[in-house]
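Accompanying notes for the structure given below.
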Amino acid sequence: MDALVLEGISKNFGALAALTNVNMRVQVGEVVGLIGPNGAGKTTLFNIVTGFIKPDRGRVKLFGEDVTGLQPHQIAARGVARTFQIVKPFFGMTVYETVLVGAYLREKDEDNARQRAEVAMKLTGVYHLRNRYARELNTPQLKLVELARSLATQPKLLMLDEIVAGLTPAEVDAMTALVKRIRDEMGVTVLLVEHVMRFVMNISDRVVVLNYGEVIAEGSPSEVSSNLKVIEAYLGGKSGS
Amino acid sequence: MGADFGVQLLQTILFGVMLGGVYALAAMGLALLFGVANLVNFAHGEYIMLAMYMAFVFSVTIFQDPVLTPLFNIPLFFAIGVITYLGIFKRLIKAPPLSQIAATVGVLVLLRNLALAIWAAEPKAPPYTVFATSFSIGPIIVPLDKLLAMAVSFVTLFLLNLFLERTRLGVAMRASADDVEAVSLMGVDTNRLFLLTTGISLALVGLSGSLIMTYQAVTPTSGLLFGLLTWAIVALAGLGTVKGILIASIIFGLADSLASGLWDPRGREIVLYGLFILILWVRPKGLFGRR
Amino acid sequence: MKTYSALGAAIALAAVPFLVGLNEYYLFLVTLILLYTTIVVAWQLIGGYGGQLDLGAGAYHGLGAVVTGFLMVNYGVSGWVGLLVSGAAAAGVAFLIGYPSFRLGLKEVWYALSSLALVLILQKIFLLWTDVAGPLERYIPYAEFDPVFMRAGTKIFYYYITAALLASTFLIVSRIRRSKTGLYLISIRENEEAAEMLGVDVRRYKLQALMIYSFIAAVTGGIYASMVGFYHPTLFDSWISIQTATLAIVGGLGHLLGPPIVSIILLTVQEYLRITLGAVIIGLHQVIFGIILVVIIMFKPDGLGPLIDSLARRFPASVRR
């Protein structure tokens, strides 16, 4: 069974064709990287999978179940967690409370939820910040908190939206190691959107390339990066960041 | 029998259109402030009420006839707009909508009770106007003062539209409604822009106060009615165009007039507010606009 | 530590009638203040935790008064039953307006406006109702002391009912604050999209908060009607909506202690001003209210909540959180 299947997904915003007939598969346990220039439709795709936007055409299937048109919280309940391109912290809450919100999804019992939250915080390395308010933290810390929050929901599919954007190369490497660890220890499938090639190529089992709302290439990182030269020639030079 | 009802219906419709024309001016001020400066002014209705009271005061003390009150009301309320901006709105521009609402609710309370304290609760209407005649088109009676008020409103809206399309300031205002950051990046002093927008917004309110006085009397609770009404018009029209505001206002004017005329004057508010809520639920993006 | 302060507060509340020398007029005022404070505390659920600026308190309070009064007068139903029925009615109305509003994601100003419109719509409907349904008896039959019917001649009866209501409401709200529901609500307030992505059914939790609060607001209205022995459509008052939101915001959105303390203090001040100045200058007390709101928002947008919380922490024996 595939973790995620996109069949013929199309979405228009007025006259703008954001996505056109996108077909994609993510197998259970894979790490798939989604790349492409700005405006290629990556975030729109994320929003469709997570239920924030409804596709004009096509189906979304999660672990064999058709979830097209479901609300975000229903999709979250089916095992999808997601971080956001621009972090969405709960400024008025402490880190602990923030992660606890995630833990409550699966754990009805208060103590179990707290345990789950602590595990997530320790895994991402924010446990020492647990009593600090989110508004006191910097962006890299907020990204880790957002990751912890997502992990506390015990997801089967983890979707990372440009999680290393704005991080220093050292921080990027740390995140690479962390995501590997998460995949190995928690057995999650990972779908990530990224511009930072160093991160994508190191961590992905497979890479999918999106441009102008269409899939134009996919394959292993090495296949795609050699193909990338062809793509760049096709696109007329480096586009995106 | 049927002909009588037909005449009454036409009369009611005419009245509604004229009333809507006048409401449009009041709503335009709100649309400008909300659209350009992204400021939620919960006290907009109270400013309209205040303008009506000032029109009353001027007509009673100076002019005897309300027709010249705009001469005083417009500059007075432009000044009030400037003062309000410098004193309160300037700080609120960057605040979250909740704070803006809370603070302007404070202004609402202040103005409403100020009016209550000064003028008490009985309705006030201007005593006399030289235009209190009417002429007839067939069986339809057209009151001259109300027609004039509507005409003034239309002319003002037309001029405002020209201003927004042809002048540098107007274009800056429209651009700001689209994208405030872009506007400031282009070197426009947003502080000055918002200051002038508030001034113009309230100047429009000042004028509309004078005009609305030809249609209805004013009480301290009128503010709530006009506040909800103008917000309802903005909800229906969206923030796109002057034309959108005008059409939405006429729709509400018609609803107002038909409810009062065909049903019950006390039912008018039920219809207006009910229509408002219906619009919010059915078309949250407005009919003509982009918000 | 917590039990000491809770006990202290309970004793203080119980002692108040004697502190005002069992004066009927003062008892009336104090009961009124506690009634409005109860609405403020309940409002925290939708406004402070849920993040929706609700201006419908006047509608729910009025509904409570009118429905309870109506049942007591026309059907001889006990006031207690009236409270439950009117509470349910208010929750029902809240559902009718909340469900579409939250489903559509009506934000900020539009939700505030539509809830305010609700107050006025109900007022006009009930004003017209008396035309259609014939004269409604508006005076609740007098009884010296009828606890079953929930009617008494002396105000002390209503004072203790209200004090009990305020205490229970406070307990309910503080329990919710520490529960999963409370945390979910605050996450909704902080960032709805993020909350949704964590499995929080935003609409459902907002509706829950709205319905609990509207129920309680209606109960305060029912108690009011029974206390004054009278009900009238003017009880659908937009001022109650505005007052509630104002006190809650000044007291600190989402804070537990701030709103009730600020509420009691400011309402007392308001009554004092009304008594001394009200006859001279009508509405002056409300003008001052308006000024306070504007000033607080501009200089302390988080309200006085944080301040009061830090003060409370200075007295370790009386810390309640």
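Identifiers for the structure tokens are assigned positionally: chains receive A, B, ... in sequence, residues are indexed from 1 per chain, and ligands are indexed from 1 in the order shown.
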Test item: chain B residues at most 10 Å from chain C, counting only C-alpha atoms, as a PyMOL selection string
chain B and resi 40-42+88-89+91-92+95-121+224-225+227-229+231-232+235+264+266-274+276-278+280-284
What's around Val148 in chain C at 8 Å? Count only C-alpha atoms, leave out sequence neighbours fewer than 2 positions away in its own chain, and write the answer as a PDB file with C-alpha atoms, in the first residue's frame.
```
ATOM      1  CA  SER C  78     -40.811  27.472  38.507  1.00  0.00           C
ATOM      2  CA  GLY C  79     -37.988  29.879  37.886  1.00  0.00           C
ATOM      3  CA  TRP C  80     -35.456  27.088  38.207  1.00  0.00           C
ATOM      4  CA  ASP C 146     -41.152  30.978  47.428  1.00  0.00           C
ATOM      5  CA  MET C 150     -37.781  30.976  42.641  1.00  0.00           C
ATOM      6  CA  ARG C 151     -39.247  34.245  43.731  1.00  0.00           C
TER       7      ARG C 151
END
```
Please identify the alpha helix (DSSP H) residues within range 89-218 of chain A (assignment by DSSP from backbone atoms) and present them as JSON, numbers by chain.
{"A": [95, 96, 97, 98, 99, 100, 101, 102, 103, 110, 111, 112, 113, 114, 115, 116, 117, 118, 119, 120, 121, 122, 123, 124, 139, 140, 141, 142, 143, 144, 145, 146, 147, 148, 149, 150, 151, 169, 170, 171, 172, 173, 174, 175, 176, 177, 178, 179, 180, 181, 182, 183, 184, 185, 186, 197, 198, 199, 200, 201, 202, 203]}
Using only C-alpha atoms, determine which residues lie at most 10 Å from Phe58 in chain B, disregarding the query and same-chain residues fewer than 4 positions distant; provide the list as a PyMOL selection string.
chain B and resi 52-54+62-66+68-73+126+210
Can you tell me which residues surround Ala218 in chain C at a distance of at most 9 Å, considering only C-alpha atoms, apart from same-chain residues fewer than 6 positions away, and format the answer as a PyMOL selection string?
chain C and resi 39+57+59-65+83-84+86-91
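Using only C-alpha atoms, the chain A residues found within 8 Å of chain C amount to Thr50, Pro72, His73, Gln74, Ile75, Ala76, Ala77, Ala81, Arg82, Lys88, Pro89, Phe90, Phe91, Gly92, Glu97, Thr98, Val101, Gly102, Tyr104, Leu105, Arg149, Ser150 and Thr153 of chain A.
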Could you write those residues out with C-alpha atoms, as a PDB file, in the first residue's frame?
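So selection05.pdb came out as:
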```pdb
ATOM      1  CA  THR A  50      -3.677  18.401   3.961  1.00  0.00           C
ATOM      2  CA  PRO A  72      -7.595  19.352   7.704  1.00  0.00           C
ATOM      3  CA  HIS A  73      -8.377  18.034  11.160  1.00  0.00           C
ATOM      4  CA  GLN A  74      -9.857  14.885   9.661  1.00  0.00           C
ATOM      5  CA  ILE A  75      -6.745  14.340   7.580  1.00  0.00           C
ATOM      6  CA  ALA A  76      -4.599  14.932  10.627  1.00  0.00           C
ATOM      7  CA  ALA A  77      -6.605  12.268  12.440  1.00  0.00           C
ATOM      8  CA  ALA A  81       1.293  15.904  10.187  1.00  0.00           C
ATOM      9  CA  ARG A  82       2.680  18.991   8.560  1.00  0.00           C
ATOM     10  CA  LYS A  88       2.790  29.060  12.836  1.00  0.00           C
ATOM     11  CA  PRO A  89       3.626  28.997  16.520  1.00  0.00           C
ATOM     12  CA  PHE A  90       1.240  29.397  19.409  1.00  0.00           C
ATOM     13  CA  PHE A  91       2.809  32.564  20.745  1.00  0.00           C
ATOM     14  CA  GLY A  92       0.765  32.715  23.914  1.00  0.00           C
ATOM     15  CA  GLU A  97       1.679  23.317  26.014  1.00  0.00           C
ATOM     16  CA  THR A  98       2.254  23.664  22.280  1.00  0.00           C
ATOM     17  CA  VAL A 101      -1.818  20.073  21.820  1.00  0.00           C
ATOM     18  CA  GLY A 102      -0.314  17.727  19.270  1.00  0.00           C
ATOM     19  CA  TYR A 104      -3.784  15.113  22.610  1.00  0.00           C
ATOM     20  CA  LEU A 105      -4.725  13.893  19.163  1.00  0.00           C
ATOM     21  CA  ARG A 149       4.379  19.459  17.797  1.00  0.00           C
ATOM     22  CA  SER A 150       3.827  17.492  14.586  1.00  0.00           C
ATOM     23  CA  THR A 153       0.568  13.493  16.873  1.00  0.00           C
TER      24      THR A 153
END
```
